Structures are given as C-alpha cells and as structure tokens.
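S.K.: Sharing model-v9.cif, mmCIF, C-alpha atoms:
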data_protein
#
loop_
_atom_site.group_PDB
_atom_site.id
_atom_site.type_symbol
_atom_site.label_atom_id
_atom_site.label_comp_id
_atom_site.auth_asym_id
_atom_site.auth_seq_id
_atom_site.Cartn_x
_atom_site.Cartn_y
_atom_site.Cartn_z
ATOM 1 C CA MET A 1 -7.376 31.102 -27.520
ATOM 2 C CA HIS A 2 -3.951 32.089 -28.815
ATOM 3 C CA HIS A 3 -2.857 29.096 -30.828
ATOM 4 C CA SER A 4 -3.413 28.630 -34.538
ATOM 5 C CA GLY A 5 -2.388 25.774 -36.772
ATOM 6 C CA LYS A 6 -0.637 22.656 -35.549
ATOM 7 C CA GLY A 7 1.826 23.373 -32.774
ATOM 8 C CA SER A 8 2.852 21.309 -29.789
ATOM 9 C CA ALA A 9 0.971 18.859 -27.613
ATOM 10 C CA LEU A 10 1.500 18.240 -23.913
ATOM 11 C CA VAL A 11 0.283 15.074 -22.188
ATOM 12 C CA LEU A 12 0.342 15.432 -18.408
ATOM 13 C CA GLY A 13 -0.240 12.854 -15.724
ATOM 14 C CA ILE A 14 -1.029 14.614 -12.461
ATOM 15 C CA GLY A 15 -1.491 13.200 -8.987
ATOM 16 C CA ASN A 16 0.358 11.668 -6.074
ATOM 17 C CA ILE A 17 1.470 8.034 -6.436
ATOM 18 C CA LEU A 18 1.853 7.686 -2.665
ATOM 19 C CA TRP A 19 -1.915 7.781 -2.060
ATOM 20 C CA ALA A 20 -3.316 4.748 -3.923
ATOM 21 C CA ASP A 21 -5.707 5.814 -6.734
ATOM 22 C CA GLU A 22 -4.502 9.414 -6.465
ATOM 23 C CA GLY A 23 -1.569 8.190 -8.578
ATOM 24 C CA PHE A 24 -3.735 7.241 -11.564
ATOM 25 C CA GLY A 25 -2.672 10.223 -13.711
ATOM 26 C CA VAL A 26 1.035 9.607 -13.257
ATOM 27 C CA ARG A 27 0.620 5.862 -13.877
ATOM 28 C CA ALA A 28 -1.465 6.495 -17.016
ATOM 29 C CA VAL A 29 1.022 8.862 -18.684
ATOM 30 C CA GLU A 30 3.814 6.406 -17.874
ATOM 31 C CA ALA A 31 1.812 3.537 -19.458
ATOM 32 C CA LEU A 32 1.287 5.675 -22.568
ATOM 33 C CA HIS A 33 5.004 6.475 -22.693
ATOM 34 C CA GLN A 34 6.002 2.822 -22.303
ATOM 35 C CA ALA A 35 3.704 1.656 -25.123
ATOM 36 C CA TYR A 36 4.010 4.450 -27.715
ATOM 37 C CA GLU A 37 6.486 6.902 -29.158
ATOM 38 C CA PHE A 38 5.413 10.282 -30.486
ATOM 39 C CA PRO A 39 6.672 12.952 -32.856
ATOM 40 C CA ALA A 40 9.017 15.550 -31.342
ATOM 41 C CA ASP A 41 6.170 18.066 -31.007
ATOM 42 C CA VAL A 42 4.448 15.876 -28.373
ATOM 43 C CA LYS A 43 5.774 16.011 -24.808
ATOM 44 C CA LEU A 44 4.715 13.429 -22.214
ATOM 45 C CA MET A 45 5.283 14.441 -18.611
ATOM 46 C CA ASP A 46 4.830 13.207 -15.070
ATOM 47 C CA GLY A 47 3.325 16.407 -13.663
ATOM 48 C CA GLY A 48 2.942 14.864 -10.213
ATOM 49 C CA THR A 49 1.854 17.526 -7.741
ATOM 50 C CA GLN A 50 3.803 20.404 -9.280
ATOM 51 C CA GLY A 51 0.806 22.740 -9.623
ATOM 52 C CA LEU A 52 1.829 26.266 -10.654
ATOM 53 C CA TYR A 53 5.255 25.093 -11.853
ATOM 54 C CA LEU A 54 3.403 23.587 -14.823
ATOM 55 C CA LEU A 55 2.059 26.983 -15.983
ATOM 56 C CA PRO A 56 4.709 27.772 -18.647
ATOM 57 C CA LEU A 57 4.351 24.299 -20.144
ATOM 58 C CA VAL A 58 0.561 24.595 -20.340
ATOM 59 C CA GLN A 59 0.789 28.105 -21.812
ATOM 60 C CA ASP A 60 3.102 26.852 -24.561
ATOM 61 C CA ALA A 61 0.905 23.907 -25.538
ATOM 62 C CA ASP A 62 -1.604 23.996 -28.382
ATOM 63 C CA ILE A 63 -3.085 20.658 -27.331
ATOM 64 C CA LEU A 64 -3.278 19.544 -23.696
ATOM 65 C CA VAL A 65 -4.208 16.074 -22.460
ATOM 66 C CA ILE A 66 -4.550 15.559 -18.694
ATOM 67 C CA PHE A 67 -4.778 12.211 -16.914
ATOM 68 C CA ASP A 68 -6.081 12.497 -13.345
ATOM 69 C CA ALA A 69 -8.139 10.777 -10.653
ATOM 70 C CA ILE A 70 -11.352 12.819 -10.416
ATOM 71 C CA ASP A 71 -14.139 12.427 -7.879
ATOM 72 C CA TYR A 72 -17.178 12.671 -10.159
ATOM 73 C CA GLY A 73 -19.386 11.004 -7.543
ATOM 74 C CA LEU A 74 -19.694 7.977 -9.849
ATOM 75 C CA PRO A 75 -18.931 4.266 -9.308
ATOM 76 C CA ALA A 76 -15.228 3.532 -8.762
ATOM 77 C CA GLY A 77 -13.344 3.041 -12.004
ATOM 78 C CA THR A 78 -15.734 5.096 -14.137
ATOM 79 C CA LEU A 79 -13.823 6.689 -17.007
ATOM 80 C CA LYS A 80 -15.052 10.137 -18.042
ATOM 81 C CA LEU A 81 -13.727 12.421 -20.784
ATOM 82 C CA VAL A 82 -14.149 16.178 -20.432
ATOM 83 C CA ASP A 83 -13.164 18.768 -23.016
ATOM 84 C CA ASP A 84 -11.907 22.321 -23.294
ATOM 85 C CA HIS A 85 -13.355 24.981 -20.980
ATOM 86 C CA ASP A 86 -15.386 22.417 -18.975
ATOM 87 C CA VAL A 87 -12.132 20.900 -17.664
ATOM 88 C CA PRO A 88 -11.433 23.432 -14.865
ATOM 89 C CA SER A 89 -14.893 22.964 -13.364
ATOM 90 C CA TYR A 90 -14.441 19.184 -13.237
ATOM 91 C CA LEU A 91 -11.046 19.554 -11.608
ATOM 92 C CA GLY A 92 -12.802 21.595 -8.927
ATOM 93 C CA VAL A 93 -15.911 19.424 -8.419
ATOM 94 C CA LYS A 94 -14.587 17.884 -5.229
ATOM 95 C CA LYS A 95 -10.996 18.649 -4.391
ATOM 96 C CA MET A 96 -9.199 15.504 -3.350
ATOM 97 C CA SER A 97 -5.752 16.974 -2.919
ATOM 98 C CA LEU A 98 -3.769 20.185 -3.216
ATOM 99 C CA HIS A 99 -2.523 19.324 -6.710
ATOM 100 C CA GLN A 100 -6.044 19.819 -8.066
ATOM 101 C CA THR A 101 -6.304 23.305 -6.612
ATOM 102 C CA GLY A 102 -2.904 24.099 -8.100
ATOM 103 C CA PHE A 103 -3.752 22.742 -11.520
ATOM 104 C CA GLN A 104 -7.124 24.474 -11.618
ATOM 105 C CA GLU A 105 -5.190 27.715 -11.019
ATOM 106 C CA VAL A 106 -2.760 26.830 -13.827
ATOM 107 C CA LEU A 107 -5.677 26.593 -16.266
ATOM 108 C CA ALA A 108 -7.234 29.819 -14.942
ATOM 109 C CA LEU A 109 -3.958 31.721 -15.277
ATOM 110 C CA SER A 110 -3.450 30.336 -18.778
ATOM 111 C CA ALA A 111 -6.883 31.661 -19.748
ATOM 112 C CA ILE A 112 -6.328 35.058 -18.091
ATOM 113 C CA THR A 113 -3.032 35.524 -19.925
ATOM 114 C CA GLY A 114 -4.620 34.571 -23.255
ATOM 115 C CA ARG A 115 -2.361 31.554 -23.590
ATOM 116 C CA TYR A 116 -4.845 28.718 -23.115
ATOM 117 C CA PRO A 117 -4.402 25.602 -25.272
ATOM 118 C CA ALA A 118 -6.665 25.431 -28.325
ATOM 119 C CA LYS A 119 -7.892 21.968 -27.279
ATOM 120 C CA VAL A 120 -7.920 20.371 -23.829
ATOM 121 C CA ARG A 121 -8.964 16.832 -22.953
ATOM 122 C CA LEU A 122 -9.267 15.580 -19.372
ATOM 123 C CA ILE A 123 -9.167 11.790 -19.057
ATOM 124 C CA GLY A 124 -10.418 11.201 -15.556
ATOM 125 C CA VAL A 125 -11.125 8.051 -13.604
ATOM 126 C CA GLN A 126 -13.265 7.846 -10.478
ATOM 127 C CA PRO A 127 -11.029 6.656 -7.613
ATOM 128 C CA LEU A 128 -11.956 4.065 -5.007
ATOM 129 C CA ASP A 129 -9.198 4.614 -2.429
ATOM 130 C CA LEU A 130 -7.369 7.858 -1.724
ATOM 131 C CA ASP A 131 -6.543 7.157 1.910
ATOM 132 C CA THR A 132 -4.032 4.308 1.766
ATOM 133 C CA TYR A 133 -0.603 5.875 2.092
ATOM 134 C CA GLY A 134 1.904 3.767 0.182
ATOM 135 C CA GLY A 135 -0.909 1.916 -1.560
ATOM 136 C CA SER A 136 -1.113 1.311 -5.277
ATOM 137 C CA LEU A 137 -3.970 1.537 -7.740
ATOM 138 C CA THR A 138 -7.108 -0.359 -6.784
ATOM 139 C CA GLU A 139 -8.480 -2.946 -9.203
ATOM 140 C CA PRO A 140 -11.387 -0.788 -10.533
ATOM 141 C CA VAL A 141 -8.949 2.008 -11.392
ATOM 142 C CA ARG A 142 -6.224 -0.314 -12.692
ATOM 143 C CA THR A 143 -8.698 -1.868 -15.174
ATOM 144 C CA ARG A 144 -9.321 1.585 -16.668
ATOM 145 C CA MET A 145 -5.654 2.142 -17.516
ATOM 146 C CA GLU A 146 -5.789 0.590 -21.001
ATOM 147 C CA PRO A 147 -9.035 2.363 -22.040
ATOM 148 C CA SER A 148 -7.596 5.644 -20.729
ATOM 149 C CA VAL A 149 -4.436 5.247 -22.809
ATOM 150 C CA ALA A 150 -6.610 4.373 -25.837
ATOM 151 C CA ALA A 151 -8.688 7.536 -25.248
ATOM 152 C CA ALA A 152 -5.508 9.633 -25.251
ATOM 153 C CA ILE A 153 -4.270 7.963 -28.451
ATOM 154 C CA ASP A 154 -7.601 8.571 -30.201
ATOM 155 C CA PHE A 155 -7.657 12.228 -29.159
ATOM 156 C CA LEU A 156 -4.047 12.858 -30.191
ATOM 157 C CA MET A 157 -4.638 11.191 -33.559
ATOM 158 C CA GLU A 158 -7.714 13.393 -34.123
ATOM 159 C CA GLN A 159 -5.505 16.423 -33.460
ATOM 160 C CA GLY A 160 -2.856 15.266 -35.944
ATOM 161 C CA TYR A 161 -0.322 13.673 -33.568
ATOM 162 C CA PRO A 162 -0.187 9.994 -34.541
ATOM 163 C CA PRO A 163 1.969 7.789 -32.312
ATOM 164 C CA ARG A 164 3.889 4.654 -33.194
ATOM 165 C CA ARG A 165 3.623 1.577 -31.047
ATOM 166 C CA ARG A 166 6.999 0.797 -29.503
ATOM 167 C CA ILE A 167 8.772 -2.298 -30.756
ATOM 168 C CA CYS A 168 8.777 -5.110 -28.191
ATOM 169 C CA GLY A 169 11.951 -5.025 -26.161
ATOM 170 C CA CYS A 170 12.509 -1.318 -26.888
ATOM 171 C CA VAL A 171 11.929 0.091 -23.416
ATOM 172 C CA PRO A 172 12.241 3.871 -23.110
ATOM 173 C CA GLU A 173 13.627 5.710 -20.131
ATOM 174 C CA SER A 174 10.903 6.107 -17.502
ATOM 175 C CA LEU A 175 9.195 9.471 -16.995
ATOM 176 C CA CYS A 176 9.517 9.009 -13.237
ATOM 177 C CA PRO A 177 12.472 7.724 -11.213
ATOM 178 C CA SER A 178 12.789 3.969 -11.737
ATOM 179 C CA SER A 179 12.471 3.358 -7.992
ATOM 180 C CA VAL A 180 8.838 4.510 -8.104
ATOM 181 C CA ASN A 181 7.721 3.132 -11.453
ATOM 182 C CA LEU A 182 4.717 0.872 -10.955
ATOM 183 C CA ALA A 183 6.522 -2.492 -11.039
ATOM 184 C CA HIS A 184 9.300 -1.439 -8.636
ATOM 185 C CA TYR A 185 6.867 0.401 -6.380
ATOM 186 C CA GLU A 186 4.590 -2.607 -6.017
ATOM 187 C CA ALA A 187 7.510 -5.021 -5.654
ATOM 188 C CA GLY A 188 8.566 -3.138 -2.511
ATOM 189 C CA MET A 189 5.130 -3.343 -0.901
ATOM 190 C CA PRO A 190 4.337 -5.607 1.999
ATOM 191 C CA VAL A 191 1.898 -8.415 1.215
ATOM 192 C CA GLY A 192 -1.609 -6.943 1.037
ATOM 193 C CA GLY A 193 -0.306 -3.435 0.285
ATOM 194 C CA ARG A 194 -2.074 -3.271 -3.079
#
Let me see the structure of the file written as structure tokens.

M.R.:
Amino acid sequence: MHHSGKGSALVLGIGNILWADEGFGVRAVEALHQAYEFPADVKLMDGGTQGLYLLPLVQDADILVIFDAIDYGLPAGTLKLVDDHDVPSYLGVKKMSLHQTGFQEVLALSAITGRYPAKVRLIGVQPLDLDTYGGSLTEPVRTRMEPSVAAAIDFLMEQGYPPRRRICGCVPESLCPSSVNLAHYEAGMPVGGR
C-alpha cells in the first residue's frame, strides 16, 4: 500500500507458549533465529500476545511474515500458507485466543492508516491441543516446524532477503527469555507434560 522498493522485513511469531500448540508461532520464529542470520533490514521478533503493541512495527515493515497456530478446520499439523489481504480473514476464521483478535486489529489499523506491508505471508499450522496449560507442542505440530522455517526462508529469499545459515556452535541470543526457550521449558516439565 505505502511501501515501494526494498525496505525492511519483519518476521513475527505470535501466540502463547503456555498453552501447548498455541505457542507454535513463537517456537517457529525462535527456530528460524537459531538456524539463520539475516541482513540488518530483517527483524525477527517474538510477538507473543502483544496485539496492538505490534502496530508500529507492522506499519514500518515492507515485508511481513507471521508464524501462528491457526484453526483452519484441517487435520492437526496441516501447514497452510496465506498471502497478503487474505491473511486477516484467516486470522479470524475461528478465534482461539485473544492474541488473534488483537493481531487482526493490527492488520486492519495498518490498512486503514495506509501503512500496510507490501507483502504479507502467514505461515500457519493447524493445532491439535490448545487446552493443556504448561504443555508443549504436540507431535503433529512439532513435525511442521522445519517445513515452516523453510517456507519462511523461501519467501524471504523471493523478496530479496537472503539469510545465511549460522555456523555450528555459533548460538545467538534467544528472542525469548532463556527460561522459556523450548529446551529449558520442556526440561522443567513433569513426565508426560509434553
């Protein structure tokens, strides 16, 4: 809408890691961050459940990639890519949590203000479990992590933002507090809490 030429890209993982598969978006952006490094004009962010607080970041982005758990009414673990102005309607198909209402409003306000990203890609995975408080990703959703990261890489490369694979042993600072990164989070779970 307002952007022309190559500007900045924002990759957001949204969701709530405390409710099992609801944390897919946050876990996916963290996996992308751990495996790849990007040019300075690409920002990766754990958007969590921040909703409207993300508005200025979305308005400033030319390219927006969103990872989220989306109830498409499909088999658990189904990966679905949605683009551009279709994204808000998919975020609103079946609201699973308040963050989706908030993020749908972020996109609507971006459009109303004429500051909507030129390209938007939603990388959504159908959740299996959203009711287990303190649970982690279920196996069908966990198996879609790598293909989801690959989908983001492909899209960013198409838009002119090629990443570099991180060198083994070169571990970046986590996007989320280390106490809730996936390995630490699951290590603190009681047996059977996955």

S.K.: Could you name the residues that touch Asp41 in chain A at 12 Å or less, counting all atoms listed in the file, but leaving out those on the same chain fewer than 4 positions away, as a list in words?

M.R.: Lys6, Gly7, Ser8, Ala9, Leu10, Val11, Glu37, Asp60, Ala61, Asp62, Ile63, Leu156, Gly160, Tyr161, Pro162 and Pro163 of chain A

S.K.: Please provide the set of residues having any atom within 7 Å of range 73-83 of chain A, restricted to only C-alpha atoms, with same-chain residues fewer than 6 positions apart removed, written as a PDB file with C-alpha atoms, keeping the file's coordinate frame.

M.R.:
ATOM      1  CA  VAL A 120      -7.920  20.371 -23.829  1.00  0.00           C
ATOM      2  CA  ARG A 121      -8.964  16.832 -22.953  1.00  0.00           C
ATOM      3  CA  LEU A 122      -9.267  15.580 -19.372  1.00  0.00           C
ATOM      4  CA  ILE A 123      -9.167  11.790 -19.057  1.00  0.00           C
ATOM      5  CA  GLY A 124     -10.418  11.201 -15.556  1.00  0.00           C
ATOM      6  CA  VAL A 125     -11.125   8.051 -13.604  1.00  0.00           C
ATOM      7  CA  GLN A 126     -13.265   7.846 -10.478  1.00  0.00           C
ATOM      8  CA  PRO A 127     -11.029   6.656  -7.613  1.00  0.00           C
ATOM      9  CA  LEU A 128     -11.956   4.065  -5.007  1.00  0.00           C
ATOM     10  CA  PRO A 140     -11.387  -0.788 -10.533  1.00  0.00           C
ATOM     11  CA  VAL A 141      -8.949   2.008 -11.392  1.00  0.00           C
ATOM     12  CA  ARG A 144      -9.321   1.585 -16.668  1.00  0.00           C
TER      13      ARG A 144
END

S.K.: When you look at Leu109 in chain A with a cut-off of 9 Å (counting only C-alpha atoms), what residues show up, excluding the ones that are within fewer than 6 positions of it in the same chain? I need them as a list of chain:residue names.

M.R.: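 Once the nearby chain positions are removed, what remains is A:Leu55, A:Gln59, A:Arg115, A:Tyr116.
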
S.K.: In Å, how far is it from CA of Glu146 in chain A to CA of Phe24 in chain A?

M.R.: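 That distance, rounded to one decimal, is 11.7 Å.
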
S.K.: So, with only C-alpha atoms as the atoms that count, which of A:Pro56, A:Gly134, A:Gly13, A:Gly25 lies closest to Leu44 in chain A?

M.R.: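 Distance minimum relative to Leu44 in chain A lands on A:Gly13.
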
S.K.: Which of these residues is nearest to Val29 in chain A, using only C-alpha atoms: A:Ala69, A:Cys168, A:Leu137, A:Ala152?

M.R.: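 Answer, going by the shortest atom-to-atom distance: A:Ala152.
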
S.K.: Kindly indicate which residue among A:Leu18, A:Met45, A:Leu91, A:Val149 lies nearest to Val58 in chain A, using all atoms listed in the file for the distances.

M.R.: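 Using all atoms listed in the file, the shortest distance to Val58 in chain A belongs to A:Met45.
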
S.K.: Check the smallest atom-to-atom distance from each of A:Phe38, A:Tyr72, A:Tyr90, A:Tyr133 to Leu107 in chain A using all atoms listed in the file, then report the winner.

M.R.: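 The answer is A:Tyr90, which sits nearest to Leu107 in chain A.
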
S.K.: Between CA of Ser148 in chain A and CA of Ala28 in chain A, what is the distance in Å, rounded to a tenth?

M.R.: 7.2 Å

S.K.: Between CA of Asp129 in chain A and CA of Gly48 in chain A, what is the distance in Å, rounded to a tenth?

M.R.: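 Between CA of Asp129 in chain A and CA of Gly48 in chain A the gap works out to 17.7 Å.
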
S.K.: Pick out the closest residue to Ile17 in chain A from this set: A:Gly135, A:Ile112, A:Gln34, A:Gln50. Count all atoms listed in the file.

M.R.: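 Smallest separation from Ile17 in chain A among the options: A:Gly135.
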
S.K.: Return as lines of an AutoDock Vina configuration file the centre and edge lengths, in Å with one decimal, of the box along x, y and z that encloses every atom of range 7-17 of chain A in the file, padded by 8 Å per side.

M.R.:
center_x = 0.7
center_y = 15.7
center_z = -19.4
size_x = 20.3
size_y = 31.3
size_z = 42.7

S.K.: Give me the result of the PyMOL selection byres ((chain A and resi 165) around 7) on this file, residue by residue, as a list of chain:residue names.

M.R.: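 Matching residues under the PyMOL selection byres ((chain A and resi 165) around 7) are A:Ala35, A:Tyr36, A:Glu37, A:Pro163, A:Arg164, A:Arg166, A:Ile167.
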
S.K.: Could you save those same residues with C-alpha atoms as a PDB file, in the frame of the given file?

M.R.:
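Contents of part-v7.pdb, as written:
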ATOM      1  CA  ALA A  35       3.704   1.656 -25.123  1.00  0.00           C
ATOM      2  CA  TYR A  36       4.010   4.450 -27.715  1.00  0.00           C
ATOM      3  CA  GLU A  37       6.486   6.902 -29.158  1.00  0.00           C
ATOM      4  CA  PRO A 163       1.969   7.789 -32.312  1.00  0.00           C
ATOM      5  CA  ARG A 164       3.889   4.654 -33.194  1.00  0.00           C
ATOM      6  CA  ARG A 166       6.999   0.797 -29.503  1.00  0.00           C
ATOM      7  CA  ILE A 167       8.772  -2.298 -30.756  1.00  0.00           C
TER       8      ILE A 167
END
